[in-house]
Every structure is written in C-alpha cells, then in structure tokens.
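Content type compact mmCIF, C-alpha atoms, from the file protein-v5.txt:
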# COMPACT_ATOMS: atom_id res chain seq x y z
CA MET M 236 -10.29 -32.91 -44.33
CA LEU M 237 -11.22 -32.00 -40.76
CA ARG M 238 -7.64 -32.54 -39.68
CA ILE M 239 -6.31 -30.06 -42.30
CA ILE M 240 -8.73 -27.33 -41.21
CA SER M 241 -7.78 -27.75 -37.59
CA LYS M 242 -4.05 -27.48 -38.40
CA ARG M 243 -4.69 -24.23 -40.28
CA ALA M 244 -6.79 -22.89 -37.42
CA VAL M 245 -4.07 -23.77 -34.91
CA THR M 246 -1.43 -22.13 -37.11
CA GLN M 247 -3.53 -18.97 -37.43
CA ILE M 248 -4.12 -18.86 -33.67
CA ARG M 249 -0.37 -19.17 -33.03
CA ILE M 250 0.37 -16.37 -35.52
CA SER M 251 -2.35 -14.17 -33.98
CA SER M 252 -1.09 -14.78 -30.46
CA ARG M 253 2.48 -13.89 -31.51
CA ALA M 254 1.29 -10.66 -33.14
CA LEU M 255 -0.82 -9.85 -30.09
CA SER M 256 2.03 -10.51 -27.66
CA SER M 257 4.39 -8.23 -29.59
CA ALA M 258 1.71 -5.52 -29.72
CA VAL M 259 1.19 -5.78 -25.97
CA ALA M 260 4.93 -5.47 -25.34
CA GLN M 261 4.99 -2.16 -27.26
CA ALA M 262 1.88 -0.67 -25.64
CA PRO M 263 2.33 2.24 -23.20
CA ALA M 264 2.58 1.46 -19.51
CA GLY M 265 -0.80 2.96 -18.61
CA PRO M 266 -3.46 5.48 -19.48
CA PRO M 267 -2.50 9.14 -19.96
CA SER M 268 -2.17 11.16 -16.80
CA VAL M 269 -2.80 14.79 -15.88
CA LEU M 270 0.88 14.95 -14.94
CA ASP M 271 1.69 14.59 -18.66
CA SER M 272 0.24 18.08 -19.23
CA ILE M 273 1.94 19.84 -16.30
CA VAL M 274 5.39 21.45 -16.20
CA ASN M 275 7.21 23.16 -13.34
CA LEU M 276 8.21 26.81 -13.75
CA ASN M 277 10.61 28.65 -11.46
CA PHE M 278 9.66 32.26 -10.70
CA VAL M 279 12.12 34.78 -9.28
CA ASP M 280 10.55 37.98 -7.92
CA PRO M 281 12.27 41.42 -7.69
CA SER M 282 13.55 40.66 -4.16
CA GLY M 283 15.28 37.48 -5.41
CA ALA M 284 12.85 35.05 -3.76
CA ARG M 285 12.36 31.87 -5.77
CA ARG M 286 9.16 29.90 -6.12
CA GLN M 287 8.46 26.77 -8.16
CA VAL M 288 4.90 26.41 -9.41
CA PRO M 289 3.18 23.92 -11.73
CA GLY M 290 1.75 25.21 -15.00
CA TYR M 291 -0.53 23.60 -17.57
CA ILE M 292 0.73 23.13 -21.12
CA GLY M 293 -1.17 25.44 -23.46
CA LYS M 294 -1.99 28.06 -20.81
CA THR M 295 -0.18 31.40 -20.77
CA ILE M 296 2.37 32.33 -18.14
CA TYR M 297 0.00 35.09 -17.00
CA GLU M 298 -2.78 32.55 -16.35
CA THR M 299 -0.34 30.39 -14.38
CA CYS M 300 0.69 33.39 -12.26
CA GLU M 301 -2.94 34.26 -11.54
CA MET M 302 -3.62 30.66 -10.51
CA HIS M 303 -0.76 30.74 -7.97
CA GLY M 304 -1.15 34.29 -6.64
CA ILE M 305 1.89 35.81 -8.37
CA ASP M 306 1.01 39.45 -9.11
CA LEU M 307 2.13 40.67 -12.53
CA GLY M 308 -0.23 43.63 -12.80
CA PRO M 309 -2.99 44.13 -15.35
CA ALA M 310 -3.19 41.74 -18.29
CA SER M 311 -2.30 43.02 -21.72
CA CYS M 312 -4.45 40.72 -23.77
CA GLY M 313 -5.95 41.69 -27.08
CA ALA M 314 -6.93 39.70 -30.12
CA PRO M 315 -3.94 38.24 -32.02
CA VAL M 316 -2.49 40.34 -34.80
CA GLU M 317 -1.43 37.37 -36.92
CA ALA M 318 -1.11 33.59 -36.88
CA VAL M 319 1.80 31.65 -38.38
CA ARG M 320 0.22 28.83 -40.38
CA SER M 321 3.38 27.47 -42.06
CA ASP M 322 6.96 28.44 -42.87
CA THR M 323 5.77 30.44 -45.86
CA TRP M 324 2.37 31.78 -44.76
CA THR M 325 1.44 34.10 -41.93
CA GLU M 326 -2.26 34.90 -41.78
CA PRO M 327 -3.22 38.45 -40.78
CA LEU M 328 -6.01 38.34 -38.17
CA TYR M 329 -6.35 42.13 -37.73
CA GLY M 330 -6.48 42.02 -33.95
CA GLU M 331 -5.08 44.81 -31.80
CA GLY M 332 -2.43 42.63 -30.16
CA PRO M 333 -1.14 43.34 -26.65
CA THR M 334 -2.61 46.51 -25.18
CA SER M 335 -0.30 47.26 -22.24
CA GLY M 336 3.15 46.30 -21.02
CA TYR M 337 2.49 45.78 -17.33
CA ASP M 338 3.00 42.00 -17.41
CA HIS M 339 6.68 42.16 -18.43
CA ILE M 340 8.75 39.06 -17.63
CA LEU M 341 12.15 37.64 -18.59
CA LEU M 342 12.42 34.05 -19.85
CA VAL M 343 15.71 32.23 -19.33
CA GLY M 344 16.93 28.67 -19.17
CA LYS M 345 15.49 25.41 -20.37
CA GLY M 346 12.72 25.80 -22.94
CA ALA M 347 12.83 29.60 -23.24
CA ASP M 348 13.73 29.26 -26.92
CA THR M 349 10.57 27.21 -27.60
CA ALA M 350 8.31 30.20 -26.94
CA ARG M 351 6.68 31.69 -30.01
CA PRO M 352 8.88 34.52 -31.38
CA ILE M 353 8.14 38.02 -30.16
CA THR M 354 5.84 39.97 -32.46
CA HIS M 355 6.29 43.53 -33.61
CA ALA M 356 3.25 44.62 -31.58
CA GLU M 357 4.61 42.99 -28.40
CA LYS M 358 8.01 44.62 -28.86
CA LYS M 359 6.37 47.99 -29.50
CA VAL M 360 4.29 47.78 -26.30
CA LEU M 361 7.34 46.76 -24.24
CA MET M 362 9.27 49.78 -25.54
CA GLN M 363 6.33 52.12 -24.78
CA TYR M 364 5.93 51.01 -21.16
CA TRP M 365 9.50 50.20 -20.09
CA ASP M 366 12.77 52.14 -20.33
CA GLU M 367 15.27 51.00 -22.93
CA ASP M 368 17.67 49.68 -20.28
CA GLU M 369 14.88 47.52 -18.76
CA VAL M 370 14.02 45.65 -21.96
CA PHE M 371 16.27 42.72 -22.83
CA PRO M 372 16.31 40.10 -25.62
CA GLU M 373 14.67 37.72 -23.10
CA SER M 374 11.84 40.20 -22.37
CA ARG M 375 8.29 39.07 -23.10
CA LEU M 376 4.73 39.79 -22.02
CA ALA M 377 3.30 37.02 -19.83
CA THR M 378 -0.03 37.07 -21.68
CA GLU M 379 1.73 36.37 -24.99
CA VAL M 380 3.75 33.28 -23.98
CA SER M 381 2.03 29.89 -24.00
CA ILE M 382 3.60 27.10 -21.94
CA THR M 383 5.09 24.13 -23.83
CA LYS M 384 6.33 20.74 -22.60
CA GLU M 385 9.93 21.80 -23.26
CA MET M 386 9.59 24.64 -20.70
CA ASP M 387 9.71 22.23 -17.76
CA GLY M 388 12.24 23.76 -15.35
CA MET M 389 12.39 27.16 -17.08
CA THR M 390 13.12 30.24 -14.98
CA VAL M 391 10.87 33.30 -15.23
CA TYR M 392 12.19 36.56 -13.78
CA VAL M 393 9.55 39.08 -12.70
CA PRO M 394 10.97 42.63 -12.69
CA ASP M 395 9.73 45.47 -10.46
CA ARG M 396 6.22 46.50 -11.42
CA ILE M 397 5.23 49.74 -13.04
CA ILE M 398 2.92 51.71 -10.75
CA ASP M 399 -0.55 51.11 -12.11
CA ASP M 400 -2.86 51.91 -9.19
CA ILE M 401 -2.69 55.71 -9.17
CA PRO M 402 -6.06 57.24 -10.09
Translate this file's structure into structure tokens.
Amino acid sequence: MLRIISKRAVTQIRISSRALSSAVAQAPAGPPSVLDSIVNLNFVDPSGARRQVPGYIGKTIYETCEMHGIDLGPASCGAPVEAVRSDTWTEPLYGEGPTSGYDHILLVGKGADTARPITHAEKKVLMQYWDEDEVFPESRLATEVSITKEMDGMTVYVPDRIIDDIP
C-alpha cells in the first residue's frame, strides 16, 4: 500500500514539474520597465531643425513639448465635448472642447493614423485661428492628441506660431 502511494506521488511530482517548466519557458524575460511606456517623437520646427524627444504613452503631445522646452504657445485645453464608448455609442459630455488654436501641429509618418479622430470642435477652432491654406488633413491641436505606443518614431511638424503676446 505504501509503495502505491509513493508511485502516485512521484508521478504527480513529475507532472507538476513538467507543467511548471513549460510555464517558466513561456514567462516574460523580466519585470515591466519604464521604457515600455516611452516612445520617441521627432519634432521639426519652422526653421527645419529636427529634434527627437521621448514621450510618455497616455500624455498629450502638448505635455511632452512642455517637458522638453518646445514652445507651442498657449494651451487650448477645455473639458471634452464627447467620449466614444463603442462603435455605436458616443457619450455627450457637454464640455467646451478646445478653446484656442495656438498649439497647431501636423502629424505625419508612423502612428499618425492611430490618433483619435479630429472632432468638430477641434476642426472649428483650427479654422478660426489659422488661414485656410495653413490647415491640412494632418493638422491637429497638440492638447487633443494623446500619445500611443504605435506613435514611436512619428514626426510632428510645428508651424510658425501665431503672435499671442501682444497686449
């Protein structure tokens, strides 16, 4: 009787060790890193100078520019007008949306298509502050674009600023 129990125990230990060894082989290489939440963005200023800066996933492009000393002008942040909850439902949030168009940027290249679609309020503000020939399909407000993982390597063009410091 003792011999039968020990054979079962040995068999169970072998099965457990096999399952454990296969689980260990599939485990990730190490703990998560801060580098997993950082992407590199390439900024091109009006003079054509290029600068690559790191940005945190989930932050806006405006916040990234502030962190690295890239001047975009005053922020145009207001409460969100709406939130897309699913393919069939967009919840109205009754916010004022963007309030100025000073932080105009152009998104091109890798990951630009992963940005949330431009809202009616954002498009309206861009058209109020910028001439028609200065607004392109790639035009966005930096405060309205959140960084995603797919934007790693994306190029952000910063056009000439609108004069905003005249009293």
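The coordinates place atom CA of M:Val269 at 21.7 Å from atom CA of M:Thr349.
Residues within 12 Å of M:Lys359, counting only C-alpha atoms and excluding same-chain residues fewer than 2 positions away, are Gly332, Pro333, Thr334, Ser335, Gly336, Ile353, Thr354, His355, Ala356, Glu357, Leu361, Met362, Gln363, Tyr364, Trp365, Asp366, Glu367, Val370, Ser374, Arg375 and Leu376 of chain M.
Between M:Val279 and the residues M:Ala318, M:Val380, M:Ala264, M:Leu342, the shortest atom-to-atom distance, using all atoms listed in the file, involves M:Leu342.
In this structure, atom CA of M:Thr378 sits 15.3 Å away from atom CA of M:Pro394.
Interatomic distance, atom CA of M:Ile398 to atom CA of M:Ala350: 27.5 Å.
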If you count all atoms listed in the file, which residues fall within 9 Å of M:Gly308, apart from same-chain ones fewer than 5 positions away, as a PDB file with C-alpha atoms, in the coordinates of the input?
ATOM      1  CA  TYR M 337       2.490  45.780 -17.330  1.00  0.00           C
ATOM      2  CA  ASP M 338       3.000  42.000 -17.410  1.00  0.00           C
ATOM      3  CA  ARG M 396       6.220  46.500 -11.420  1.00  0.00           C
ATOM      4  CA  ILE M 397       5.230  49.740 -13.040  1.00  0.00           C
ATOM      5  CA  ILE M 398       2.920  51.710 -10.750  1.00  0.00           C
ATOM      6  CA  ASP M 399      -0.550  51.110 -12.110  1.00  0.00           C
TER       7      ASP M 399
END
Name all residues at most 12 Å from M:Met389 (count all atoms listed in the file; drop same-chain ones fewer than 2 positions away) and give them as a PDB file with C-alpha atoms, in the coordinates of the input.
ATOM      1  CA  VAL M 274       5.390  21.450 -16.200  1.00  0.00           C
ATOM      2  CA  ASN M 275       7.210  23.160 -13.340  1.00  0.00           C
ATOM      3  CA  LEU M 276       8.210  26.810 -13.750  1.00  0.00           C
ATOM      4  CA  ASN M 277      10.610  28.650 -11.460  1.00  0.00           C
ATOM      5  CA  PHE M 278       9.660  32.260 -10.700  1.00  0.00           C
ATOM      6  CA  VAL M 279      12.120  34.780  -9.280  1.00  0.00           C
ATOM      7  CA  ARG M 286       9.160  29.900  -6.120  1.00  0.00           C
ATOM      8  CA  GLN M 287       8.460  26.770  -8.160  1.00  0.00           C
ATOM      9  CA  VAL M 288       4.900  26.410  -9.410  1.00  0.00           C
ATOM     10  CA  PRO M 289       3.180  23.920 -11.730  1.00  0.00           C
ATOM     11  CA  GLY M 290       1.750  25.210 -15.000  1.00  0.00           C
ATOM     12  CA  ILE M 296       2.370  32.330 -18.140  1.00  0.00           C
ATOM     13  CA  LEU M 341      12.150  37.640 -18.590  1.00  0.00           C
ATOM     14  CA  LEU M 342      12.420  34.050 -19.850  1.00  0.00           C
ATOM     15  CA  VAL M 343      15.710  32.230 -19.330  1.00  0.00           C
ATOM     16  CA  GLY M 344      16.930  28.670 -19.170  1.00  0.00           C
ATOM     17  CA  LYS M 345      15.490  25.410 -20.370  1.00  0.00           C
ATOM     18  CA  GLY M 346      12.720  25.800 -22.940  1.00  0.00           C
ATOM     19  CA  ALA M 347      12.830  29.600 -23.240  1.00  0.00           C
ATOM     20  CA  ASP M 348      13.730  29.260 -26.920  1.00  0.00           C
ATOM     21  CA  THR M 349      10.570  27.210 -27.600  1.00  0.00           C
ATOM     22  CA  ALA M 350       8.310  30.200 -26.940  1.00  0.00           C
ATOM     23  CA  ILE M 382       3.600  27.100 -21.940  1.00  0.00           C
ATOM     24  CA  THR M 383       5.090  24.130 -23.830  1.00  0.00           C
ATOM     25  CA  LYS M 384       6.330  20.740 -22.600  1.00  0.00           C
ATOM     26  CA  GLU M 385       9.930  21.800 -23.260  1.00  0.00           C
ATOM     27  CA  MET M 386       9.590  24.640 -20.700  1.00  0.00           C
ATOM     28  CA  ASP M 387       9.710  22.230 -17.760  1.00  0.00           C
ATOM     29  CA  VAL M 391      10.870  33.300 -15.230  1.00  0.00           C
ATOM     30  CA  TYR M 392      12.190  36.560 -13.780  1.00  0.00           C
TER      31      TYR M 392
END
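Between M:Ser311 and the candidates M:Asp368, M:Gly388, M:Glu331, M:Gly265, the tightest atom-to-atom separation, counting only C-alpha atoms, involves M:Glu331.
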